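Colleague: This one is work_15.pdb, PDB, C-alpha atoms.
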```pdb
ATOM      1  CA  MET D  17      86.599  74.314 113.496
ATOM      2  CA  ASN D  18      89.413  76.540 114.701
ATOM      3  CA  ASP D  19      90.235  79.469 112.430
ATOM      4  CA  VAL D  20      93.572  80.549 113.902
ATOM      5  CA  ILE D  21      96.818  78.620 113.360
ATOM      6  CA  TRP D  22      99.741  79.064 115.756
ATOM      7  CA  ILE D  23     103.250  77.850 114.889
ATOM      8  CA  HIS D  24     105.786  77.650 117.688
ATOM      9  CA  LYS D  25     109.508  77.074 117.039
ATOM     10  CA  SER D  26     111.734  76.341 120.011
ATOM     11  CA  ARG D  27     115.214  75.346 121.096
ATOM     12  CA  ALA D  28     116.613  74.662 124.565
ATOM     13  CA  ARG D  29     118.487  77.466 126.291
ATOM     14  CA  HIS D  30     121.961  76.894 127.714
ATOM     15  CA  ALA D  31     120.721  76.206 131.267
ATOM     16  CA  TRP D  32     118.398  73.387 130.124
ATOM     17  CA  TYR D  33     121.395  71.225 129.267
ATOM     18  CA  GLY D  34     122.568  71.498 132.897
ATOM     19  CA  LEU D  35     119.430  69.807 134.227
ATOM     20  CA  ASP D  36     119.148  66.068 134.846
ATOM     21  CA  GLU D  37     116.280  64.006 133.435
ATOM     22  CA  ARG D  38     114.194  64.188 136.605
ATOM     23  CA  GLN D  39     114.481  67.988 136.777
ATOM     24  CA  ARG D  40     113.596  68.326 133.098
ATOM     25  CA  ALA D  41     110.547  66.133 133.573
ATOM     26  CA  GLU D  42     109.379  68.154 136.580
ATOM     27  CA  PHE D  43     109.738  71.479 134.795
ATOM     28  CA  ALA D  44     108.179  70.149 131.616
ATOM     29  CA  GLU D  45     105.144  68.955 133.555
ATOM     30  CA  THR D  46     104.430  72.548 134.662
ATOM     31  CA  TRP D  47     103.957  73.786 131.108
ATOM     32  CA  HIS D  48     102.360  70.574 129.907
ATOM     33  CA  ALA D  49      99.740  71.191 132.590
ATOM     34  CA  ALA D  50      99.365  74.730 131.249
ATOM     35  CA  ASP D  51      98.910  73.305 127.739
ATOM     36  CA  ARG D  52      96.213  70.922 128.969
ATOM     37  CA  ARG D  53      94.325  73.888 130.431
ATOM     38  CA  GLY D  54      94.666  75.576 127.034
ATOM     39  CA  ALA D  55      93.451  72.457 125.268
ATOM     40  CA  GLY D  56      90.437  72.463 127.551
ATOM     41  CA  ALA D  57      89.644  75.916 126.187
ATOM     42  CA  GLY D  58      89.540  74.626 122.609
ATOM     43  CA  ALA D  59      93.201  74.635 121.560
ATOM     44  CA  GLU D  60      94.145  71.704 119.363
ATOM     45  CA  LEU D  61      97.692  70.344 119.022
ATOM     46  CA  ILE D  62      98.074  69.359 115.378
ATOM     47  CA  GLY D  63     101.592  68.073 115.850
ATOM     48  CA  ARG D  64     105.079  68.408 117.292
ATOM     49  CA  TYR D  65     107.943  67.963 114.827
ATOM     50  CA  SER D  66     111.753  67.823 114.911
ATOM     51  CA  VAL D  67     113.376  70.400 112.596
ATOM     52  CA  ARG D  68     116.947  70.476 113.966
ATOM     53  CA  GLY D  69     118.475  69.397 110.674
ATOM     54  CA  GLN D  70     117.393  72.465 108.749
ATOM     55  CA  SER D  71     116.506  75.195 111.221
ATOM     56  CA  ASP D  72     117.823  77.573 113.907
ATOM     57  CA  PHE D  73     115.393  75.725 116.163
ATOM     58  CA  SER D  74     115.014  72.085 117.228
ATOM     59  CA  THR D  75     111.243  71.682 117.408
ATOM     60  CA  VAL D  76     108.120  73.040 115.775
ATOM     61  CA  GLU D  77     104.660  72.730 117.303
ATOM     62  CA  VAL D  78     101.535  73.481 115.328
ATOM     63  CA  TRP D  79      98.325  74.342 117.197
ATOM     64  CA  SER D  80      94.969  75.733 116.206
ATOM     65  CA  PHE D  81      92.759  78.082 118.218
ATOM     66  CA  ALA D  82      89.336  79.613 117.964
ATOM     67  CA  SER D  83      90.616  83.210 118.197
ATOM     68  CA  VAL D  84      93.722  85.393 118.392
ATOM     69  CA  GLU D  85      92.797  86.170 122.004
ATOM     70  CA  ASP D  86      92.987  82.433 122.758
ATOM     71  CA  VAL D  87      96.518  82.354 121.316
ATOM     72  CA  PHE D  88      97.613  85.158 123.640
ATOM     73  CA  ALA D  89      95.983  83.454 126.663
ATOM     74  CA  PHE D  90      97.488  80.053 125.825
ATOM     75  CA  TRP D  91     100.965  81.520 125.425
ATOM     76  CA  GLU D  92     100.659  83.516 128.634
ATOM     77  CA  ASN D  93      99.840  80.264 130.456
ATOM     78  CA  ARG D  94     103.058  78.724 129.158
ATOM     79  CA  VAL D  95     105.164  81.769 130.007
ATOM     80  CA  SER D  96     103.684  81.847 133.513
ATOM     81  CA  ALA D  97     104.575  78.161 133.890
ATOM     82  CA  GLY D  98     108.260  79.013 133.386
ATOM     83  CA  TYR D  99     108.620  77.639 129.872
ATOM     84  CA  THR D 100     110.562  80.556 128.369
ATOM     85  CA  ARG D 101     113.161  80.343 131.123
ATOM     86  CA  TRP D 102     114.335  77.115 129.505
ATOM     87  CA  PHE D 103     113.453  77.506 125.827
ATOM     88  CA  ALA D 104     114.110  80.208 123.234
ATOM     89  CA  PHE D 105     111.348  80.562 120.679
ATOM     90  CA  GLU D 106     109.862  82.209 117.632
ATOM     91  CA  ASN D 107     106.085  82.288 117.270
ATOM     92  CA  LEU D 108     103.744  82.955 114.404
ATOM     93  CA  PHE D 109      99.994  83.025 114.139
ATOM     94  CA  GLY D 110      97.684  83.365 111.196
ATOM     95  CA  THR D 111      94.006  83.509 110.454
ATOM     96  CA  ARG D 112      92.154  81.362 107.987
TER      97      ARG D 112
ATOM     98  CA  MET B 297     108.262  96.822 108.487
ATOM     99  CA  THR B 298     107.967  97.271 104.790
ATOM    100  CA  ARG B 299     110.005  97.519 101.618
ATOM    101  CA  ARG B 300     108.847  99.083  98.396
ATOM    102  CA  THR B 301     108.325  96.563  95.645
ATOM    103  CA  SER B 302     109.038  97.258  92.019
ATOM    104  CA  THR B 303     105.848  98.409  90.372
ATOM    105  CA  THR B 304     107.282  98.432  86.867
ATOM    106  CA  ALA B 305     105.301  95.317  85.975
ATOM    107  CA  LEU B 306     102.029  96.978  86.972
ATOM    108  CA  SER B 307      99.935  98.954  84.541
ATOM    109  CA  PRO B 308      99.671 102.624  85.642
ATOM    110  CA  GLY B 309      95.950 102.167  86.125
ATOM    111  CA  ARG B 310      96.337  99.133  88.381
ATOM    112  CA  GLU B 311      99.029 100.884  90.410
ATOM    113  CA  ARG B 312      96.860 103.986  90.884
ATOM    114  CA  ALA B 313      93.937 101.799  91.916
ATOM    115  CA  ALA B 314      96.070  99.980  94.506
ATOM    116  CA  ARG B 315      97.290 103.266  95.992
ATOM    117  CA  ARG B 316      93.759 104.635  96.147
ATOM    118  CA  ASN B 317      92.290 101.440  97.622
ATOM    119  CA  VAL B 318      95.016 101.175 100.254
ATOM    120  CA  GLY B 319      94.493 104.816 101.229
ATOM    121  CA  GLU B 320      90.748 104.283 101.550
ATOM    122  CA  THR B 321      91.211 101.084 103.571
ATOM    123  CA  VAL B 322      93.542 102.792 106.040
ATOM    124  CA  GLU B 323      91.134 105.729 106.283
ATOM    125  CA  GLN B 324      88.454 103.172 107.185
ATOM    126  CA  PHE B 325      90.745 101.910 109.972
ATOM    127  CA  ARG B 326      90.864 105.478 111.303
ATOM    128  CA  ARG B 327      87.055 105.648 111.307
ATOM    129  CA  GLU B 328      86.982 102.338 113.217
ATOM    130  CA  GLY B 329      88.990 103.915 116.015
ATOM    131  CA  TRP B 330      92.560 102.937 115.197
ATOM    132  CA  HIS B 331      95.504 105.062 116.336
ATOM    133  CA  LEU B 332      97.534 105.412 113.153
ATOM    134  CA  SER B 333      99.980 107.974 114.511
ATOM    135  CA  VAL B 334     102.469 107.768 117.382
ATOM    136  CA  ALA B 335     101.169 111.167 118.555
ATOM    137  CA  SER B 336      97.675 109.664 118.799
ATOM    138  CA  MET B 337      98.944 107.073 121.255
ATOM    139  CA  PHE B 338      99.609 109.939 123.683
ATOM    140  CA  ASP B 339      96.427 111.988 123.330
ATOM    141  CA  GLY B 340      93.889 109.696 121.639
ATOM    142  CA  VAL B 341      93.243 112.308 118.934
ATOM    143  CA  SER B 342      92.412 110.751 115.559
ATOM    144  CA  ARG B 343      95.080 111.554 112.963
ATOM    145  CA  ASP B 344      95.982 110.484 109.442
ATOM    146  CA  ALA B 345      98.195 107.419 109.112
ATOM    147  CA  GLU B 346     101.918 107.828 109.576
ATOM    148  CA  MET B 347     104.965 105.831 108.594
ATOM    149  CA  TYR B 348     108.621 106.277 109.520
ATOM    150  CA  GLN B 349     111.268 106.383 106.815
ATOM    151  CA  THR B 350     114.011 103.916 107.751
ATOM    152  CA  GLY B 351     115.661 103.154 104.415
ATOM    153  CA  PHE B 352     118.654 105.397 105.125
ATOM    154  CA  ALA B 353     119.904 103.033 107.843
ATOM    155  CA  HIS B 354     118.012  99.755 107.594
ATOM    156  CA  HIS B 355     117.066  96.923 105.269
ATOM    157  CA  VAL B 356     113.458  98.152 105.149
ATOM    158  CA  ASP B 357     112.154 101.424 103.716
ATOM    159  CA  PHE B 358     109.498 102.098 106.354
ATOM    160  CA  VAL B 359     108.501 101.025 109.841
ATOM    161  CA  THR B 360     105.380 102.031 111.698
ATOM    162  CA  ALA B 361     103.172 101.028 114.616
ATOM    163  CA  TRP B 362      99.397 101.322 114.481
ATOM    164  CA  GLU B 363      96.996 100.484 117.300
ATOM    165  CA  ALA B 364      93.873  98.478 116.518
ATOM    166  CA  PRO B 365      90.727  98.455 118.670
ATOM    167  CA  ASP B 366      91.083  94.695 119.328
ATOM    168  CA  PRO B 367      93.231  91.671 118.326
ATOM    169  CA  PHE B 368      90.816  90.417 115.664
ATOM    170  CA  SER B 369      90.838  93.829 113.965
ATOM    171  CA  ALA B 370      94.627  93.793 113.993
ATOM    172  CA  ALA B 371      94.893  90.308 112.486
ATOM    173  CA  SER B 372      92.205  90.811 109.860
ATOM    174  CA  ALA B 373      93.603  94.216 108.843
ATOM    175  CA  VAL B 374      96.522  92.488 107.159
ATOM    176  CA  ASP B 375      94.053  90.649 104.902
ATOM    177  CA  ARG B 376      92.104  93.842 104.243
ATOM    178  CA  LEU B 377      95.289  95.636 103.176
ATOM    179  CA  ARG B 378      96.235  92.695 100.967
ATOM    180  CA  ASP B 379      92.812  92.769  99.334
ATOM    181  CA  ALA B 380      93.200  96.517  98.754
ATOM    182  CA  GLY B 381      96.451  95.922  96.875
ATOM    183  CA  TRP B 382      99.093  96.645  99.500
ATOM    184  CA  GLU B 383     101.240  93.735  98.347
ATOM    185  CA  LEU B 384     101.425  95.182  94.844
ATOM    186  CA  LEU B 385     103.220  98.193  96.352
ATOM    187  CA  HIS B 386     105.135  96.890  99.375
ATOM    188  CA  GLU B 387     106.705  93.708 100.667
ATOM    189  CA  SER B 388     105.890  93.800 104.359
ATOM    190  CA  SER B 389     106.093  92.039 107.675
ATOM    191  CA  TRP B 390     103.343  92.700 110.222
ATOM    192  CA  LEU B 391     103.742  91.810 113.900
ATOM    193  CA  ILE B 392     100.830  91.877 116.339
ATOM    194  CA  GLY B 393     100.778  92.118 120.120
ATOM    195  CA  PRO B 394      98.913  93.725 123.022
ATOM    196  CA  ARG B 395      99.921  96.978 124.736
ATOM    197  CA  GLU B 396     101.512  96.622 128.181
ATOM    198  CA  PHE B 397     101.915 100.149 129.582
ATOM    199  CA  ARG B 398     100.271 103.506 129.131
ATOM    200  CA  PRO B 399     102.354 106.130 127.298
ATOM    201  CA  VAL B 400     104.864 108.255 129.222
ATOM    202  CA  PRO B 401     105.326 111.654 127.515
ATOM    203  CA  GLY B 402     108.797 113.159 127.314
ATOM    204  CA  ALA B 403     109.578 116.348 129.264
ATOM    205  CA  GLY B 404     108.384 119.423 127.346
ATOM    206  CA  ARG B 405     106.653 117.246 124.755
ATOM    207  CA  ASP B 406     105.382 119.036 121.624
ATOM    208  CA  PRO B 407     101.655 118.120 121.389
ATOM    209  CA  ALA B 408     102.113 117.675 117.620
ATOM    210  CA  GLY B 409     104.649 114.912 118.288
ATOM    211  CA  GLY B 410     108.278 114.384 117.332
ATOM    212  CA  ASP B 411     109.622 114.004 113.810
ATOM    213  CA  TRP B 412     111.615 110.884 114.637
ATOM    214  CA  ALA B 413     110.855 107.595 116.321
ATOM    215  CA  MET B 414     112.677 104.482 117.421
ATOM    216  CA  PHE B 415     111.082 101.046 117.290
ATOM    217  CA  ALA B 416     112.960  98.780 119.700
ATOM    218  CA  PHE B 417     112.390  95.029 119.610
ATOM    219  CA  TRP B 418     114.092  92.860 122.198
ATOM    220  CA  GLU B 419     114.156  89.399 123.639
ATOM    221  CA  TRP B 420     115.414  88.386 127.060
ATOM    222  CA  ASN B 421     118.548  86.331 126.521
ATOM    223  CA  ASP B 422     119.766  83.150 128.239
ATOM    224  CA  HIS B 423     121.612  85.183 130.901
ATOM    225  CA  TRP B 424     118.387  86.960 131.897
ATOM    226  CA  GLN B 425     116.536  83.662 132.003
ATOM    227  CA  ALA B 426     119.218  82.218 134.307
ATOM    228  CA  ALA B 427     119.531  85.326 136.519
ATOM    229  CA  THR B 428     118.518  85.213 140.179
ATOM    230  CA  PRO B 429     115.490  87.287 141.308
ATOM    231  CA  ARG B 430     117.889  89.665 143.064
ATOM    232  CA  GLU B 431     119.956  90.152 139.890
ATOM    233  CA  VAL B 432     116.788  90.933 137.938
ATOM    234  CA  VAL B 433     115.612  93.467 140.535
ATOM    235  CA  GLU B 434     119.012  95.193 140.502
ATOM    236  CA  TYR B 435     119.025  95.211 136.706
ATOM    237  CA  ASP B 436     115.525  96.703 136.553
ATOM    238  CA  ALA B 437     116.556  99.434 138.999
ATOM    239  CA  GLU B 438     119.571 100.348 136.861
ATOM    240  CA  CYS B 439     117.454 100.425 133.702
ATOM    241  CA  ASP B 440     114.887 102.642 135.449
ATOM    242  CA  VAL B 441     117.660 105.231 135.896
ATOM    243  CA  ALA B 442     118.216 105.224 132.139
ATOM    244  CA  PHE B 443     114.484 105.389 131.330
ATOM    245  CA  GLN B 444     114.048 108.382 133.643
ATOM    246  CA  ALA B 445     116.979 110.066 131.860
ATOM    247  CA  ASP B 446     115.237 109.336 128.519
ATOM    248  CA  VAL B 447     112.018 111.025 129.630
ATOM    249  CA  ASP B 448     113.940 113.965 131.156
ATOM    250  CA  ALA B 449     115.712 114.417 127.800
ATOM    251  CA  GLY B 450     112.363 114.743 126.009
ATOM    252  CA  ILE B 451     111.913 111.188 124.766
ATOM    253  CA  GLY B 452     108.306 110.003 124.891
ATOM    254  CA  ILE B 453     107.643 106.322 125.532
ATOM    255  CA  ALA B 454     104.569 105.911 123.333
ATOM    256  CA  GLY B 455     104.039 102.318 124.297
ATOM    257  CA  ARG B 456     105.459  98.961 125.165
ATOM    258  CA  TYR B 457     103.878  95.879 123.632
ATOM    259  CA  ARG B 458     104.046  92.116 124.226
ATOM    260  CA  MET B 459     105.165  90.541 120.946
ATOM    261  CA  ASP B 460     106.101  87.046 122.078
ATOM    262  CA  ALA B 461     102.907  85.218 121.115
ATOM    263  CA  GLY B 462     103.512  86.051 117.471
ATOM    264  CA  SER B 463     107.225  86.630 116.879
ATOM    265  CA  GLN B 464     110.725  85.875 118.163
ATOM    266  CA  TRP B 465     110.670  89.171 120.099
ATOM    267  CA  HIS B 466     109.383  89.461 123.651
ATOM    268  CA  HIS B 467     108.631  93.187 123.494
ATOM    269  CA  LEU B 468     108.397  96.230 121.257
ATOM    270  CA  ALA B 469     108.908  99.734 122.617
ATOM    271  CA  VAL B 470     107.951 102.770 120.532
ATOM    272  CA  TRP B 471     109.812 105.954 121.351
ATOM    273  CA  GLU B 472     108.930 109.448 120.116
ATOM    274  CA  LEU B 473     112.135 111.455 119.657
ATOM    275  CA  PRO B 474     112.815 115.192 119.543
ATOM    276  CA  GLY B 475     115.852 114.410 117.365
ATOM    277  CA  VAL B 476     118.447 111.827 116.447
ATOM    278  CA  ARG B 477     121.124 113.324 118.711
ATOM    279  CA  THR B 478     118.855 112.741 121.705
ATOM    280  CA  LEU B 479     118.653 109.062 120.830
ATOM    281  CA  THR B 480     122.426 108.742 120.547
ATOM    282  CA  SER B 481     122.982 110.125 124.047
ATOM    283  CA  ALA B 482     120.104 108.017 125.410
ATOM    284  CA  MET B 483     121.639 104.829 124.026
ATOM    285  CA  ALA B 484     124.959 105.749 125.656
ATOM    286  CA  GLU B 485     123.162 105.935 129.002
ATOM    287  CA  HIS B 486     121.471 102.563 128.398
ATOM    288  CA  GLU B 487     124.907 101.116 127.645
ATOM    289  CA  ARG B 488     126.286 102.673 130.845
ATOM    290  CA  VAL B 489     123.666 100.906 132.980
ATOM    291  CA  ALA B 490     124.268  97.644 131.054
ATOM    292  CA  ASP B 491     120.707  97.492 129.702
ATOM    293  CA  PHE B 492     121.833  95.234 126.891
ATOM    294  CA  LYS B 493     123.588  92.580 128.974
ATOM    295  CA  PHE B 494     120.300  90.719 129.389
ATOM    296  CA  THR B 495     118.754  91.338 125.971
ATOM    297  CA  THR B 496     119.186  90.812 122.278
ATOM    298  CA  SER B 497     117.795  93.931 120.655
ATOM    299  CA  ARG B 498     116.938  95.278 117.243
ATOM    300  CA  HIS B 499     116.325  98.995 116.839
ATOM    301  CA  TYR B 500     114.825 100.854 113.894
ATOM    302  CA  LEU B 501     115.211 104.630 113.646
ATOM    303  CA  GLY B 502     112.903 106.491 111.296
ATOM    304  CA  ARG B 503     111.718 109.942 110.266
ATOM    305  CA  ARG B 504     107.996 110.629 110.236
ATOM    306  CA  ALA B 505     106.167 110.796 106.904
ATOM    307  CA  PRO B 506     102.426 110.681 106.191
ATOM    308  CA  LEU B 507     101.271 107.457 104.570
ATOM    309  CA  SER B 508      99.472 109.581 101.971
ATOM    310  CA  SER B 509     102.774 111.062 100.773
ATOM    311  CA  ILE B 510     104.306 107.596 100.531
ATOM    312  CA  LEU B 511     101.349 106.310  98.549
ATOM    313  CA  GLY B 512     101.361 109.413  96.368
ATOM    314  CA  ASP B 513     104.986 110.162  95.612
ATOM    315  CA  GLU B 514     106.139 106.945  94.010
TER     316      GLU B 514
END
```
If you took the structure in this file and wrote it as structure tokens, what would it be?
Modeller:
Amino acid sequence: MNDVIWIHKSRARHAWYGLDERQRAEFAETWHAADRRGAGAGAELIGRYSVRGQSDFSTVEVWSFASVEDVFAFWENRVSAGYTRWFAFENLFGTR
Amino acid sequence: MTRRTSTTALSPGRERAARRNVGETVEQFRREGWHLSVASMFDGVSRDAEMYQTGFAHHVDFVTAWEAPDPFSAASAVDRLRDAGWELLHESSWLIGPREFRPVPGAGRDPAGGDWAMFAFWEWNDHWQAATPREVVEYDAECDVAFQADVDAGIGIAGRYRMDAGSQWHHLAVWELPGVRTLTSAMAEHERVADFKFTTSRHYLGRRAPLSSILGDE
């Protein structure tokens, strides 16, 4: 059982709205692939939720990890895949 | 970042116990190899824990940066401080991230360290994210001019940390300052090179105070 929770809030940056659907899908696949690599290392996606109605952000993802180091590695994968170019974020992790 | 809480609801005995337990817990961190002082980030010498008084200019009373031996130690330390009674004394926010660069001492640095520090959080804004590689290279070169001027003026860059896995901020920089006036002129130079056109930043300026005096003088 994973002992570390990671909560990721996000909203699209200005430039994201200038992309068409095909471009968005292509970019999104790069960080989804990064997430799948993370999941292979034991990360678990608990859920992805819309929070636009009551938040500065549009989406919240909740993941669990085996260790804080795994959180850093998972996030670095996403950053390297170009995710933060398109999405602003606020992250939070906690230990059980 | 921490604010004093009202301890009027605590019995004097419980308050004293919390102060003593917190002091002992932080001393245990020191024995485990933590750097609890900005000066220690430069020379690795073990020193007593330090805080920076920020209440004169900010919404928090104190800010500090401590370096843990590893990420698990950093994350579990927050629980250890809670168990020692920290939350009876202070309402705090703890952010955790790995170091990126080795320290760069300021010109003519006093080995005992400076009495002031700046804690600079920033995130790259939408304009940075949309900038071309050439624009980013040119921006970095301009900022390097300002950072060299900082170091020449005696400002020590104690560390830069990645904060993005656990906060809204991408980075934290910790600066050791010979004085407040030095910071004012340094910020003017960073404005001149347009450092802030690509960032949203939050800066905390504080004056050094031992944690023991903060635990003892309330």
Colleague: What are the residues of chain B that have an atom within 8 Å of an atom of chain D, counting all atoms listed in the file, as a list in words?
Modeller: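 Matching residues, ligands excluded from the count: Pro367, Phe368, Ala371, Ser372, Asp422, Gln425, Ala426, Asp460, Ala461, Gly462, Ser463, Gln464 and Trp465 of chain B.
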Colleague: Here is a test: counting only C-alpha atoms, which residue of B:Val400, B:Val489, B:Val318, B:Ala353 is nearest to Ala380 in chain B?
Modeller: B:Val318
Colleague: Which polymer residues have any atom within 10 Å of an atom of Arg64 in chain D, counting all atoms listed in the file, with same-chain residues fewer than 2 positions away left out, as a PyMOL selection string?
Modeller: chain D and resi 23-25+61-62+66-67+75-79
Colleague: Tell me which of D:Ser71, D:Thr46, D:Ser80, D:Asn93 sits closest to Arg27 in chain D, counting only C-alpha atoms.
Modeller: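 Looking at the shortest contact to Arg27 in chain D, the residue is D:Ser71.
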Colleague: Please work out which residues fall within 12 Å of (125.1, 103.0, 129.6), coordinates as given in the file, with only C-alpha atoms counting, and return them as a PyMOL selection string.
Modeller: chain B and resi 438-443+445-446+480-493
Colleague: For the PyMOL selection byres ((chain D and resi 60) around 10), applied here, can you spell out every residue it catches as a PyMOL selection string?
Modeller: chain D and resi 17-18+21-22+51-52+54-59+61-63+78-82
Colleague: What would the file look like if the residues just selected were written as a compact mmCIF listing (two decimals), keeping the file's coordinate frame with C-alpha atoms?
Modeller:
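Saved file out-v7.txt follows:
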```txt
# COMPACT_ATOMS: atom_id res chain seq x y z
CA MET D 17 86.60 74.31 113.50
CA ASN D 18 89.41 76.54 114.70
CA ILE D 21 96.82 78.62 113.36
CA TRP D 22 99.74 79.06 115.76
CA ASP D 51 98.91 73.31 127.74
CA ARG D 52 96.21 70.92 128.97
CA GLY D 54 94.67 75.58 127.03
CA ALA D 55 93.45 72.46 125.27
CA GLY D 56 90.44 72.46 127.55
CA ALA D 57 89.64 75.92 126.19
CA GLY D 58 89.54 74.63 122.61
CA ALA D 59 93.20 74.64 121.56
CA LEU D 61 97.69 70.34 119.02
CA ILE D 62 98.07 69.36 115.38
CA GLY D 63 101.59 68.07 115.85
CA VAL D 78 101.54 73.48 115.33
CA TRP D 79 98.32 74.34 117.20
CA SER D 80 94.97 75.73 116.21
CA PHE D 81 92.76 78.08 118.22
CA ALA D 82 89.34 79.61 117.96
```
Colleague: Between CA of Ala454 in chain B and CA of Arg430 in chain B, measure the distance and give it in Å to one decimal.
Modeller: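 These two atoms are separated by 28.8 Å.
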Colleague: What is the distance between CA of Gly452 in chain B and CA of Pro474 in chain B, in Å to one decimal?
Modeller: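 The value is 8.7 Å.
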Colleague: Could you jot down the CA of Met347 in chain B to CA of Gly409 in chain B separation for me, Å, one decimal place?
Modeller: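 Going from CA of Met347 in chain B over to CA of Gly409 in chain B, I get 13.3 Å.
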Colleague: With 4 Å of padding per side, what axis-aligned box (centre and edge lengths, Å, one decimal) covers all the listed atoms of range 55-58 of chain D? Give it as lines of an AutoDock Vina configuration file.
Modeller:
```
center_x = 91.5
center_y = 74.2
center_z = 125.1
size_x = 11.9
size_y = 11.5
size_z = 12.9
```
Colleague: Got a sec to resolve the PyMOL selection byres ((chain B and resi 470) around 12) on this structure and send the residues as a count of residues only?
Modeller: 43
Colleague: Please determine, counting only C-alpha atoms, which residue among B:Arg343, B:Arg498, B:His386, B:Arg326 has the shortest atom-to-atom distance to Ala364 in chain B.
Modeller: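 Of B:Arg343, B:Arg498, B:His386, B:Arg326, the one nearest Ala364 in chain B, counting only C-alpha atoms, is B:Arg326.
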Colleague: Do you know which residues the PyMOL selection byres ((chain B and resi 317) around 12) returns on this file, as a ChimeraX atom specification?
Modeller: /B:310-316,318-324,376-385,508,511
Colleague: Between B:Trp420, B:His466, B:Ile510, B:Arg477, which residue has the minimum interatomic distance to Thr496 in chain B, considering all atoms listed in the file?
Modeller: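 Comparing B:Trp420, B:His466, B:Ile510, B:Arg477 against Thr496 in chain B, the winner is B:Trp420.
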